[in-house]
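Structure, as structure tokens:
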Amino acid sequence: MYNSEISLVLAPVAFIISLAASSNCLEGSPEAGNQIYASCIACHSPERNRTGPRHCGLFGRKSGSVSGFEYSTAMREASIIWNTETLDRFLESPLTIVPGTTMGFAGIKDDKKRQDLIAYLKSVSDSPGICVNNR
Amino acid sequence: MSILKPEQPGLLEETAINSRRKFLLQAGTATFSATAIALLGGCNSKAISAETNDAASQDVRILNTAISAEHEAVAAYQLGAESGLLQAGILKVAVQFQGHHKEHIEALAKAVKSLGGNPAEAKKDYSFPVEKLKRQSDVLEFAAGLERGAVSAYAGAIPVFGNRDLSAAAASILADEAMHWAVLRNVLGLDPVPGAFFS
């Protein structure tokens with residue numbers, strides 16, 4: 001009796017812990033994502049337009065909308081709002097999600113790596129240190 | 001390797017010419033069945049799909065994005081070379097690496113033209129973070145970062161070329177960029193080859 005009472009009491013706790021763990025995992029780690037951003041720095045930097053557009057202010061921005069960057073028609077017309085979900089799909093396979101994009105990159109296939117990368121992108125998107133005046 | 005010598009018709013160009021032939025063939029025979037087109041293709045056993053056009057123009061887009069990144073690398077080495085921060089021996093190596101990037105551009109541009117596209121031009125201004133370049137090691141770290149990035153960019157491009165010969169050519173460029181990266185790391189006193197896999 002004693003044992004089953006305990007497990008009844010603990011069950012919801014365990015449930016909450018497991019929820020917390022999974023949502024933690026969903027959010028990814030910006031520090032780990034910073035390492036994965038090495039795959040992007042040939043073309044991107046947070047604060048300036050290079051071969052690809054800058055990533056400052058990315059979250060909540062419409063695809064193809066950074067001024068002074070020459071996008072493909074495909075990206076301009078894609079009408080995607082960048083957030084965790086849309087980035088997750090795009091970064092897994094950019095050429096499938098936006099056919100005709102000039103981002104000639106296979107994508108990050110590993111779910112965990114993508115989550116970490118997106119957490120990093122989110123952390124720089126509004127970082128006052130890096131992104132002030134660069135939105 | 002011959003593909004890195006733009007004066008010789010290299011792998012990239014041959015490949016691009018073949019793609020263009022297929023592309024033109026497909027464009028001119030749009031009303032034929034796929035089988036008929038495959039027969040017209042002669043020794044090519046694969047039926048030429050309606051996607052050939054798309055695949056060729058996608059290859060042009062991928063090549064042009066690579067050219068843009070290569071132009072940036074050339075400009076970055078130029079900045080480094082003119083900075084006055086590099087010792088004579090290091091400067092020589094930097095200029096040599098810059099030469100490789102120029103050769104990559106020539107080879108990639110030839111492939112783009114053979115596919116009927118226009119090669120991407122260099123930008124007028126790259127707004128490099130010059131304020132951060134105060135010592136030789138800053139310049140070398142900056143260059144190493146670009147080379148590291150280039151390895152990833154080619155690793156990401158190789159699987160998405162429609163034409164596998166372009167993937168092979170991109171792999172040979174990737175190898176060159178990886179060597180640059182290792183040499184720069186070595187000069188910086190870092191482990192030149194810090195792992196077994198890079199993507």
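In the structure tokens, each chain is lettered A, B, ... as it comes, each chain's residues begin at 1, and ligands are numbered from 1 in order of appearance.
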
Next on the checklist: So that I can check the secondary structure, give me every residue of region 75-194 of chain B assigned helix (DSSP H, G or I) by backbone DSSP, as a ChimeraX atom specification.
Outcome noted: /B:75-82,88-114,130-132,136-160,164-187

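Within 7 Å of chain B, chain A contributes the residues Ala38, Ser39, Cys40, Ile41, Ala42, Cys43, Thr51, Gly100, Thr102, Gly104, Phe105, Ala106 and Gly107 of chain A, using only C-alpha atoms.
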
Pull N, CA, C and O atoms from the residues just selected and write them as a compact mmCIF listing (two decimals), in the first residue's frame.
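Output file part37.txt follows:
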```txt
# COMPACT_ATOMS: atom_id res chain seq x y z
N ALA A 38 29.03 27.00 -37.67
CA ALA A 38 30.21 26.91 -38.53
C ALA A 38 29.83 26.47 -39.95
O ALA A 38 30.50 26.84 -40.92
N SER A 39 28.75 25.72 -40.07
CA SER A 39 28.29 25.29 -41.40
C SER A 39 27.67 26.44 -42.19
O SER A 39 27.38 26.28 -43.37
N CYS A 40 27.42 27.54 -41.55
CA CYS A 40 26.71 28.64 -42.20
C CYS A 40 27.64 29.81 -42.52
O CYS A 40 27.32 30.65 -43.36
N ILE A 41 28.80 29.86 -41.84
CA ILE A 41 29.62 31.08 -41.91
C ILE A 41 30.36 31.26 -43.23
O ILE A 41 31.01 32.28 -43.41
N ALA A 42 30.27 30.29 -44.13
CA ALA A 42 30.81 30.56 -45.46
C ALA A 42 29.99 31.66 -46.12
O ALA A 42 30.51 32.44 -46.92
N CYS A 43 28.72 31.72 -45.79
CA CYS A 43 27.82 32.62 -46.51
C CYS A 43 27.11 33.64 -45.61
O CYS A 43 26.61 34.65 -46.11
N THR A 51 27.26 36.53 -48.76
CA THR A 51 26.67 35.76 -49.86
C THR A 51 25.21 35.45 -49.52
O THR A 51 24.36 35.36 -50.40
N GLY A 100 14.03 26.67 -55.96
CA GLY A 100 14.47 27.87 -56.67
C GLY A 100 15.31 28.79 -55.81
O GLY A 100 15.78 29.83 -56.27
N THR A 102 18.55 30.26 -53.88
CA THR A 102 19.99 30.26 -54.22
C THR A 102 20.83 29.71 -53.07
O THR A 102 22.04 29.65 -53.18
N GLY A 104 22.27 27.04 -51.97
CA GLY A 104 22.57 25.69 -52.47
C GLY A 104 23.23 24.84 -51.40
O GLY A 104 24.44 24.63 -51.40
N PHE A 105 22.42 24.39 -50.48
CA PHE A 105 22.93 23.73 -49.29
C PHE A 105 22.00 22.59 -48.93
O PHE A 105 20.78 22.78 -48.85
N ALA A 106 22.55 21.39 -48.72
CA ALA A 106 21.72 20.20 -48.52
C ALA A 106 20.82 20.30 -47.30
O ALA A 106 19.69 19.84 -47.32
N GLY A 107 21.34 20.92 -46.22
CA GLY A 107 20.54 21.04 -45.01
C GLY A 107 21.16 20.29 -43.85
O GLY A 107 22.11 19.52 -44.02
```

Checklist entry - Which residues come within 7 Å of His44 (chain A), counting only C-alpha atoms, excluding same-chain residues fewer than 6 positions away, as a list of chain:residue names? => result A:Arg50, A:Thr51, A:Gly52, A:Pro53, A:Arg54

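CA of Lys102 (chain B) is found 11.2 Å from CA of Ala122 (chain B).
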
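Summary of the local environment: counting only C-alpha atoms, residues at most 10 Å from Ala32 (chain A), other than itself and those fewer than 4 positions away along its chain, are A:Gly28, A:Ile36, A:Tyr37, A:Lys112, A:Lys113, A:Gln115, A:Asp116, A:Leu117, A:Ala119, A:Tyr120.
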
Checklist entry - Could you name the residues that touch Trp82 (chain A) at 8 Å or less, counting only C-alpha atoms, but leaving out those on the same chain fewer than 6 positions away, as a PyMOL selection string? => result chain A and resi 58-63

Would you export the selected residues with all heavy atoms as a tab-separated table (two decimals), in the first residue's frame, please?
```
chain	number	residue	atom	x	y	z
A	58	LEU	N	16.20	37.84	-37.41
A	58	LEU	CA	15.60	36.78	-38.24
A	58	LEU	C	14.21	36.34	-37.73
A	58	LEU	O	13.27	36.20	-38.51
A	58	LEU	CB	16.54	35.57	-38.29
A	58	LEU	CG	16.07	34.36	-39.09
A	58	LEU	CD1	15.97	34.70	-40.58
A	58	LEU	CD2	17.02	33.17	-38.90
A	59	PHE	N	14.12	36.17	-36.39
A	59	PHE	CA	12.86	35.66	-35.84
A	59	PHE	C	11.73	36.67	-36.02
A	59	PHE	O	11.87	37.84	-35.66
A	59	PHE	CB	13.01	35.27	-34.37
A	59	PHE	CG	13.53	33.86	-34.23
A	59	PHE	CD1	14.83	33.55	-34.59
A	59	PHE	CD2	12.70	32.83	-33.80
A	59	PHE	CE1	15.31	32.26	-34.50
A	59	PHE	CE2	13.16	31.52	-33.70
A	59	PHE	CZ	14.47	31.23	-34.06
A	60	GLY	N	10.64	36.22	-36.62
A	60	GLY	CA	9.50	37.08	-36.85
A	60	GLY	C	9.57	37.83	-38.17
A	60	GLY	O	8.62	38.50	-38.56
A	61	ARG	N	10.69	37.68	-38.86
A	61	ARG	CA	10.87	38.40	-40.13
A	61	ARG	C	10.27	37.57	-41.25
A	61	ARG	O	10.23	36.35	-41.18
A	61	ARG	CB	12.38	38.56	-40.35
A	61	ARG	CG	12.79	39.38	-41.53
A	61	ARG	CD	14.24	39.80	-41.35
A	61	ARG	NE	15.18	38.81	-41.89
A	61	ARG	CZ	16.47	38.75	-41.56
A	61	ARG	NH1	16.97	39.57	-40.65
A	61	ARG	NH2	17.25	37.86	-42.12
A	62	LYS	N	9.81	38.26	-42.29
A	62	LYS	CA	9.29	37.55	-43.47
A	62	LYS	C	10.47	37.15	-44.34
A	62	LYS	O	11.45	37.89	-44.46
A	62	LYS	CB	8.34	38.48	-44.23
A	62	LYS	CG	7.49	37.78	-45.26
A	62	LYS	CD	6.41	38.75	-45.76
A	62	LYS	CE	6.00	38.42	-47.18
A	62	LYS	NZ	6.99	38.77	-48.20
A	63	SER	N	10.38	35.97	-44.95
A	63	SER	CA	11.47	35.50	-45.81
A	63	SER	C	11.73	36.51	-46.94
A	63	SER	O	10.80	37.14	-47.45
A	63	SER	CB	11.10	34.15	-46.43
A	63	SER	OG	9.92	34.29	-47.20
```

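Between Ser127 (chain A) and the candidates A:Glu47, A:Glu85, A:Glu92, A:Asp110, the tightest atom-to-atom separation, counting only C-alpha atoms, involves A:Glu47.
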
Item to check | Point-to-point distance in Å for CA of Gly99 (chain B) and CA of Gly80 (chain B) | outcome: 13.6 Å
